[in-house]
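**Student:** Just entry.cif, nothing more (mmCIF, C-alpha atoms):
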```cif
data_coords
#
loop_
_atom_site.label_atom_id
_atom_site.label_comp_id
_atom_site.auth_asym_id
_atom_site.auth_seq_id
_atom_site.Cartn_x
_atom_site.Cartn_y
_atom_site.Cartn_z
CA MET A 1 0.00 0.00 0.00
CA TRP A 2 2.81 2.42 0.86
CA LEU A 3 4.32 1.92 -2.61
CA LEU A 4 1.01 2.88 -4.25
CA LEU A 5 0.89 5.99 -2.05
CA ALA A 6 4.47 6.82 -3.06
CA PHE A 7 3.47 6.64 -6.74
CA LEU A 8 0.51 8.92 -6.01
CA CYS A 9 2.98 11.38 -4.44
CA PHE A 10 5.05 11.15 -7.62
CA LEU A 11 1.98 11.76 -9.80
CA PHE A 12 0.45 14.62 -7.79
CA ASN A 13 3.85 16.28 -7.28
CA GLY A 14 4.58 16.15 -11.01
CA LEU A 15 1.19 17.53 -12.03
CA SER A 16 1.50 20.32 -9.45
CA ALA A 17 4.96 21.22 -10.75
CA PHE A 18 3.62 21.32 -14.31
CA PHE A 19 1.28 24.17 -13.35
CA PHE A 20 4.41 26.08 -12.31
CA LYS A 21 5.62 25.44 -15.87
CA ILE A 22 2.29 26.61 -17.32
CA ASN A 23 2.49 29.76 -15.21
CA THR A 24 5.95 30.52 -16.57
CA MET A 25 4.81 29.96 -20.16
CA LYS A 26 1.83 32.30 -19.66
CA GLY A 27 3.83 35.02 -17.95
CA GLY A 28 2.29 34.71 -14.48
CA THR A 29 4.22 36.03 -11.48
CA SER A 30 5.71 33.80 -8.79
CA GLU A 31 4.00 35.73 -5.97
CA LYS A 32 0.51 35.31 -7.44
CA LEU A 33 1.17 31.67 -8.26
CA LEU A 34 2.25 30.95 -4.69
CA PHE A 35 -0.69 32.91 -3.26
CA GLY A 36 -3.12 30.68 -5.17
CA PHE A 37 -0.99 27.65 -4.32
CA TYR A 38 -1.17 28.25 -0.58
CA LEU A 39 -4.81 29.35 -0.68
CA ALA A 40 -5.86 26.05 -2.26
CA GLY A 41 -3.53 24.09 0.03
CA SER A 42 -4.95 25.78 3.13
CA LEU A 43 -8.55 25.13 2.10
CA GLY A 44 -7.89 21.52 1.09
CA SER A 45 -5.89 20.57 4.17
CA GLY A 46 -8.30 22.49 6.43
CA LEU A 47 -11.31 20.63 5.05
CA TYR A 48 -9.44 17.35 5.42
CA VAL A 49 -8.61 18.05 9.06
CA TRP A 50 -12.23 19.07 9.73
CA TYR A 51 -13.65 16.01 7.96
CA THR A 52 -11.31 13.56 9.68
CA GLN A 53 -11.53 15.36 13.04
CA THR A 54 -7.75 15.20 13.39
CA TRP A 55 -7.11 18.72 14.69
CA VAL A 56 -5.28 18.73 18.02
CA TRP A 57 -4.22 21.77 20.04
CA ASP A 58 -0.72 20.52 20.72
CA VAL A 59 2.29 22.80 21.09
CA LYS A 60 4.54 20.30 19.25
CA ILE A 61 2.15 20.14 16.30
CA ILE A 62 1.87 23.93 16.06
CA ILE A 63 5.64 24.43 16.27
CA ALA A 64 6.28 21.68 13.70
CA GLY A 65 3.69 23.19 11.35
CA ILE A 66 5.27 26.64 11.59
CA ILE A 67 8.80 25.30 11.04
CA ILE A 68 7.77 23.18 8.04
CA GLY A 69 5.62 26.05 6.72
CA LEU A 70 8.50 28.54 6.97
CA ALA A 71 10.91 26.08 5.32
CA ALA A 72 8.50 25.24 2.48
CA THR A 73 7.59 28.89 1.87
CA LEU A 74 11.20 30.04 1.72
CA GLY A 75 12.11 27.01 -0.39
CA ASN A 76 9.41 27.66 -2.99
CA LEU A 77 10.01 31.43 -3.07
CA LEU A 78 13.79 31.34 -3.36
CA TYR A 79 13.73 28.41 -5.79
CA SER A 80 11.50 30.44 -8.11
CA LYS A 81 13.83 33.43 -7.82
CA SER A 82 17.03 31.40 -8.29
CA VAL A 83 15.75 30.08 -11.63
CA TYR A 84 15.75 33.67 -12.96
CA ILE A 85 19.37 34.42 -12.00
CA GLY A 86 21.06 31.05 -12.62
CA PRO A 87 20.90 27.99 -14.89
CA ALA A 88 17.53 26.27 -14.43
CA GLY A 89 18.91 22.75 -14.73
CA LEU A 90 21.62 23.21 -12.11
CA THR A 91 19.17 25.05 -9.83
CA ALA A 92 16.67 22.20 -9.95
CA THR A 93 19.37 19.57 -9.46
CA VAL A 94 20.95 21.19 -6.39
CA SER A 95 17.59 22.10 -4.81
CA HIS A 96 16.12 18.61 -5.18
CA SER A 97 19.25 16.73 -4.16
CA HIS A 98 17.93 17.05 -0.58
CA VAL A 99 16.45 13.60 -1.16
CA ILE A 100 19.93 12.17 -0.55
CA LEU A 101 19.87 13.61 3.00
CA ILE A 102 16.45 12.09 3.63
CA VAL A 103 17.69 8.65 2.60
CA ILE A 104 20.77 9.00 4.83
CA MET A 105 18.64 10.22 7.75
CA SER A 106 16.15 7.38 7.36
CA VAL A 107 18.79 4.65 7.17
CA PHE A 108 21.22 5.87 9.84
CA LEU A 109 19.00 7.84 12.23
CA TYR A 110 15.86 5.70 12.08
CA ALA A 111 17.55 2.40 11.18
CA GLU A 112 15.43 1.63 8.12
CA ASN A 113 16.60 -1.65 6.61
CA LEU A 114 17.30 -1.89 2.88
CA ASN A 115 18.26 -4.99 0.95
CA TRP A 116 20.83 -4.73 -1.83
CA LEU A 117 18.18 -4.64 -4.56
CA GLU A 118 16.34 -1.75 -2.89
CA GLY A 119 19.68 0.04 -2.46
CA ILE A 120 20.42 -0.23 -6.17
CA ALA A 121 16.88 0.92 -7.00
CA ILE A 122 17.23 4.00 -4.77
CA PHE A 123 20.59 4.80 -6.37
CA PHE A 124 19.04 4.70 -9.86
CA ILE A 125 16.06 6.85 -8.81
CA ILE A 126 18.28 9.47 -7.12
CA LEU A 127 20.56 9.50 -10.18
CA ALA A 128 17.45 10.03 -12.34
CA VAL A 129 16.42 13.00 -10.17
CA LEU A 130 19.88 14.57 -10.43
CA LEU A 131 20.32 14.04 -14.18
CA LEU A 132 16.85 15.11 -15.32
CA PRO A 133 17.21 18.91 -15.24
CA PHE A 134 20.53 19.06 -17.10
CA ASP A 135 20.47 20.31 -20.66
CA PRO A 136 23.80 19.91 -22.50
CA ASN A 137 22.99 23.07 -24.49
CA GLN A 138 22.55 25.15 -21.33
CA LYS A 139 25.31 27.42 -20.10
CA LEU A 140 26.17 26.64 -16.48
CA ARG A 141 28.00 29.89 -15.78
CA ILE A 142 26.63 31.70 -12.71
CA SER A 143 27.25 35.45 -12.71
CA ASN A 144 24.98 36.47 -9.81
CA LYS A 145 26.42 35.36 -6.47
CA LEU A 146 22.98 35.59 -4.86
CA TRP A 147 22.18 32.34 -6.67
CA TYR A 148 24.28 30.40 -4.18
CA LEU A 149 22.35 31.87 -1.25
CA PHE A 150 18.94 31.35 -2.85
CA VAL A 151 19.53 27.77 -3.98
CA GLY A 152 21.20 26.88 -0.68
CA VAL A 153 18.22 28.06 1.35
CA ALA A 154 15.85 26.30 -1.08
CA PHE A 155 17.82 23.06 -0.60
CA ILE A 156 17.54 23.33 3.19
CA GLY A 157 13.89 24.36 2.99
CA PHE A 158 12.87 21.39 0.85
CA PHE A 159 14.80 19.02 3.12
CA ILE A 160 13.05 20.39 6.22
CA ARG A 161 9.66 20.17 4.47
CA ASN A 162 9.96 16.54 3.34
CA GLY A 163 12.28 15.27 6.05
CA GLY A 164 10.28 17.09 8.70
CA LEU A 165 7.22 14.96 8.02
CA LYS A 166 9.37 11.86 8.56
CA ILE A 167 10.60 13.24 11.88
CA THR A 168 7.11 14.18 13.11
CA GLU A 169 5.84 10.74 12.08
CA GLU A 170 8.59 9.15 14.17
CA MET A 171 7.51 11.43 17.06
CA ASN A 172 3.99 9.93 16.76
CA LEU A 173 2.51 13.32 15.83
CA ASN A 174 -0.47 13.54 13.47
CA ASN A 175 0.83 15.07 10.25
CA SER A 176 -2.56 16.28 8.95
CA PRO A 177 -2.79 19.38 11.21
CA ILE A 178 0.94 20.00 10.67
CA ILE A 179 0.37 20.11 6.91
CA PHE A 180 -2.61 22.46 7.43
CA ILE A 181 -0.58 24.87 9.56
CA SER A 182 2.27 24.84 7.04
CA TYR A 183 -0.09 25.84 4.22
CA VAL A 184 -1.72 28.56 6.34
CA PHE A 185 1.74 29.97 7.07
CA GLY A 186 2.45 30.27 3.34
CA PHE A 187 -1.00 31.71 2.66
CA VAL A 188 -0.49 34.48 5.23
CA TRP A 189 2.98 35.18 3.82
CA PHE A 190 1.80 35.66 0.23
CA THR A 191 -1.40 37.46 1.22
CA VAL A 192 0.78 40.12 2.84
CA THR A 193 3.11 40.09 -0.20
CA LEU A 194 0.27 40.68 -2.66
CA TRP A 195 -1.26 43.36 -0.45
CA THR A 196 1.97 45.33 -0.54
CA LYS A 197 1.97 45.03 -4.36
CA ARG A 198 -1.78 45.60 -4.84
CA ASN A 199 -1.30 48.58 -7.18
CA GLU A 200 0.86 46.61 -9.61
CA GLU A 201 -0.15 44.31 -12.52
CA LYS A 202 -3.75 43.03 -12.11
CA SER A 203 -3.63 39.75 -14.06
CA THR A 204 -4.99 36.70 -12.22
CA THR A 205 -3.12 34.19 -14.41
CA GLY A 206 -0.70 33.24 -11.67
CA ILE A 207 -3.44 32.85 -9.06
CA VAL A 208 -5.49 30.47 -11.20
CA ASN A 209 -2.46 28.30 -11.98
CA GLY A 210 -1.52 28.40 -8.31
CA LEU A 211 -4.96 27.16 -7.26
CA PHE A 212 -4.62 24.06 -9.44
CA ALA A 213 -1.05 23.50 -8.27
CA GLY A 214 -2.12 23.92 -4.64
CA VAL A 215 -4.90 21.33 -4.85
CA LEU A 216 -2.48 18.82 -6.34
CA SER A 217 0.20 19.74 -3.80
CA PHE A 218 -2.23 19.12 -0.93
CA ALA A 219 -3.07 15.71 -2.41
CA MET A 220 0.66 15.00 -2.66
CA MET A 221 1.38 16.02 0.93
CA GLN A 222 -1.46 13.88 2.32
CA SER A 223 -0.31 10.92 0.23
CA LEU A 224 3.23 11.47 1.46
CA ALA A 225 2.12 11.62 5.09
CA ALA A 226 0.06 8.44 4.68
CA ALA A 227 2.95 6.65 2.92
CA LEU A 228 5.48 7.64 5.60
CA ALA A 229 3.15 6.30 8.30
CA ILE A 230 3.44 2.75 6.93
CA GLY A 231 6.51 2.64 4.67
CA PRO A 232 10.24 3.50 4.50
CA ALA A 233 11.12 7.13 3.80
CA SER A 234 14.38 5.97 2.20
CA ILE A 235 12.34 4.58 -0.73
CA ILE A 236 9.26 6.84 -0.66
CA SER A 237 11.16 10.16 -0.80
CA PRO A 238 13.22 9.36 -3.94
CA ILE A 239 10.08 8.23 -5.79
CA ALA A 240 8.13 11.36 -4.77
CA SER A 241 11.06 13.60 -5.76
CA ALA A 242 11.25 12.21 -9.31
CA ASN A 243 8.31 14.42 -10.29
CA GLY A 244 10.39 16.20 -12.92
CA ILE A 245 9.84 13.22 -15.20
CA ILE A 246 6.13 14.09 -15.39
CA VAL A 247 6.92 17.74 -16.13
CA ALA A 248 9.28 16.68 -18.94
CA VAL A 249 6.71 14.31 -20.48
CA LEU A 250 3.87 16.85 -20.28
CA SER A 251 6.12 19.59 -21.68
CA TYR A 252 6.83 17.29 -24.62
CA LEU A 253 3.13 16.54 -25.15
CA VAL A 254 1.70 20.03 -24.52
CA TYR A 255 4.47 22.42 -25.57
CA LYS A 256 6.21 20.12 -28.07
CA GLU A 257 9.50 20.46 -26.18
CA LYS A 258 12.01 17.85 -27.25
CA PHE A 259 13.37 15.19 -24.90
CA SER A 260 17.10 15.67 -24.37
CA LYS A 261 19.43 12.71 -24.04
CA PHE A 262 19.72 13.48 -20.33
CA GLN A 263 15.94 13.37 -19.92
CA PHE A 264 15.69 10.08 -21.78
CA LEU A 265 18.44 8.59 -19.61
CA SER A 266 16.75 9.92 -16.48
CA PHE A 267 13.42 8.42 -17.52
CA SER A 268 15.09 5.05 -18.20
CA LEU A 269 16.86 5.02 -14.83
CA LEU A 270 13.59 5.84 -13.05
CA LEU A 271 11.82 2.94 -14.76
CA ILE A 272 14.66 0.57 -13.86
CA GLY A 273 14.54 1.73 -10.23
CA ILE A 274 10.78 1.24 -10.02
CA ILE A 275 11.04 -2.24 -11.56
CA LEU A 276 13.75 -3.21 -9.05
CA ILE A 277 11.69 -1.98 -6.09
CA ASN A 278 8.75 -4.09 -7.25
CA SER A 279 10.93 -7.19 -7.75
#
```
I need this file expressed as C-alpha cells, please.

**Tutor:**
Amino acid sequence: MWLLLAFLCFLFNGLSAFFFKINTMKGGTSEKLLFGFYLAGSLGSGLYVWYTQTWVWDVKIIIAGIIIGLAATLGNLLYSKSVYIGPAGLTATVSHSHVILIVIMSVFLYAENLNWLEGIAIFFIILAVLLLPFDPNQKLRISNKLWYLFVGVAFIGFFIRNGGLKITEEMNLNNSPIIFISYVFGFVWFTVTLWTKRNEEKSTTGIVNGLFAGVLSFAMMQSLAAALAIGPASIISPIASANGIIVAVLSYLVYKEKFSKFQFLSFSLLLIGIILINS
C-alpha cells in the first residue's frame, strides 16, 4: 500500500509542478502563483482536518507546522527566484538533491533496513532526479552570487519540508494538522506580499495556476504523510522527488518540447529503479 501511495505522491507532485511550468509559459508572477498555491492548500488541508476530526491543540504540532511552513515557503520562493538568475537545470538539481539527505537520515537515524536490490533501485532513482534537469545546451555559468544563497536556502527548505514529516511521524505526531498549519503559514505570507503590491499588474493568471497547483500539492502532501506512516522514507522520498519526469513528459506533449538525451536517460533510470523496487 505504501508503494502505491508513493506513486501517487510522484503523480500529484509532477502535475502540481507542471502548473508552475504553465504559469511561466503564460507570464504569471511567482508571488501570485504561490498565493493561489497556498490558498488552495490551506482550504484543502483544512477541510481534510475538519472532515477527519484530526485537529489537536498541541504545542509540538503547532511548532512543527510553523517550522515546516516557513521552510517550504522560503524554499518555494527562493527556488522560483534562483531560476531567474542562474541555470535552471543546475538550480533544480541542487535544490532537489535534498532527497539524498532524507535517505541517509532514514537509514542511519531511524535504522530503516534496505536490501541490496532496494539500495540499487534507490541509487538509480536518485541519479534520475539529479540528471533530469541538465540540458547539454545550457550554459552553467553563474554570474549572480545571490544564486548560491537562494539555492542553498531552497535546498535546506525542501529538506526540512519533506524530512520534517518523517521526523514528526517518528515522534507519533499527526501530520494532517501539521500540513494544514504549514499551508496557512504560506497563505499568510503571500497574502501580505500581494497586499503590498496591490497597485501593480492586475492579471490573475498566476493565481489560477496556483490554485490548481495547490490542490495537487495538498493531495501529494497527504499521500506522502500516509505513505510515511506505513513505509520506509528511504524509498518513498526518492520516488516522490522524481516528479520532474512528469513535467518533462507533459512539456513534450503540450508544448512540443524535445526530450534531451539526459531526460531520456533519467526516464530510463527511473523505470529501472521502479522495476527493481517491485521485484

**Student:** The PyMOL selection byres ((chain A and resi 239) around 10) on the file shown: which residues, as a list in words?

**Tutor:**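 When the PyMOL selection byres ((chain A and resi 239) around 10) is applied to the shown file, the picked residues are Leu3, Ala6, Phe7, Leu8, Cys9, Phe10, Leu11, Val99, Ile122, Ile125, Ile126, Val129, Ala233, Ser234, Ile235, Ile236, Ser237, Pro238, Ala240, Ser241, Ala242, Asn243, Leu270, Gly273 and Ile274 of chain A.
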
**Student:** What do you get, as a VMD selection string, if you spell out every residue that the PyMOL selection byres ((chain A and resi 131) around 8) selects here?

**Tutor:** chain A and resid 93 127 to 130 132 to 134 262 to 263 265 to 266

**Student:** Grab the CA of Val103 in chain A to CA of Phe180 in chain A distance for me, in Å with one decimal place.

**Tutor:** 25.0 Å

**Student:** Determine the residue set returned by the PyMOL selection byres ((chain A and resi 98) around 8) for the present structure, and present it as a list in words.

**Tutor:** Val94, Ser95, His96, Ser97, Val99, Ile100, Leu101, Ile102, Phe155, Ile156, Phe158 and Phe159 of chain A

**Student:** May I have the selected residues written with C-alpha atoms, as a PDB file, keeping the file's coordinate frame?

**Tutor:**
```pdb
ATOM      1  CA  VAL A  94      20.950  21.190  -6.390  1.00  0.00           C
ATOM      2  CA  SER A  95      17.590  22.100  -4.810  1.00  0.00           C
ATOM      3  CA  HIS A  96      16.120  18.610  -5.180  1.00  0.00           C
ATOM      4  CA  SER A  97      19.250  16.730  -4.160  1.00  0.00           C
ATOM      5  CA  VAL A  99      16.450  13.600  -1.160  1.00  0.00           C
ATOM      6  CA  ILE A 100      19.930  12.170  -0.550  1.00  0.00           C
ATOM      7  CA  LEU A 101      19.870  13.610   3.000  1.00  0.00           C
ATOM      8  CA  ILE A 102      16.450  12.090   3.630  1.00  0.00           C
ATOM      9  CA  PHE A 155      17.820  23.060  -0.600  1.00  0.00           C
ATOM     10  CA  ILE A 156      17.540  23.330   3.190  1.00  0.00           C
ATOM     11  CA  PHE A 158      12.870  21.390   0.850  1.00  0.00           C
ATOM     12  CA  PHE A 159      14.800  19.020   3.120  1.00  0.00           C
TER      13      PHE A 159
END
```

**Student:** My list of candidates is A:Val59, A:Leu109, A:Ile181, A:Ile85. Which is closest to Ile142 in chain A when distances are computed with only C-alpha atoms?

**Tutor:**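 Closest to Ile142 in chain A, using only C-alpha atoms: A:Ile85.
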
**Student:** With all atoms listed in the file as the counted atoms, please give the residues lying no more than 12 Å from Thr54 in chain A, apart from itself and same-chain residues fewer than 6 positions off, as a ChimeraX atom specification.

**Tutor:** /A:45-48,61,173-180

**Student:** Closest to Phe218 in chain A among A:Tyr38, A:Phe150, A:Phe123, A:Phe19, using all atoms listed in the file?

**Tutor:**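 Checking each candidate against Phe218 in chain A, we get A:Tyr38 as the closest.
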
**Student:** Given the choices A:Glu169, A:Glu31, A:Leu194, A:Asn13, which gets closest to Tyr110 in chain A if the distance is worked out from all atoms listed in the file?

**Tutor:**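 Checking each of A:Glu169, A:Glu31, A:Leu194, A:Asn13 against Tyr110 in chain A, counting all atoms listed in the file, the winner is A:Glu169.
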
**Student:** Please determine, counting all atoms listed in the file, which residue among A:Met171, A:Ala248, A:Ala111, A:Ala154 has the shortest atom-to-atom distance to Lys21 in chain A.

**Tutor:** A:Ala248

**Student:** Interatomic distance between CA of Ser16 in chain A and CA of Gly119 in chain A?

**Tutor:**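 Answer for the CA of Ser16 in chain A to CA of Gly119 in chain A separation: 28.1 Å.
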
**Student:** So, with only C-alpha atoms as the atoms that count, which of A:Asn115, A:Ile66, A:Ser143, A:Lys261 lies closest to Tyr84 in chain A?

**Tutor:**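 Looking only at the distances to Tyr84 in chain A, the closest residue turns out to be A:Ser143.
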
**Student:** Any idea what the distance is between CA of Arg198 in chain A and CA of Leu34 in chain A?

**Tutor:**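 These atoms are spaced 15.2 Å apart.
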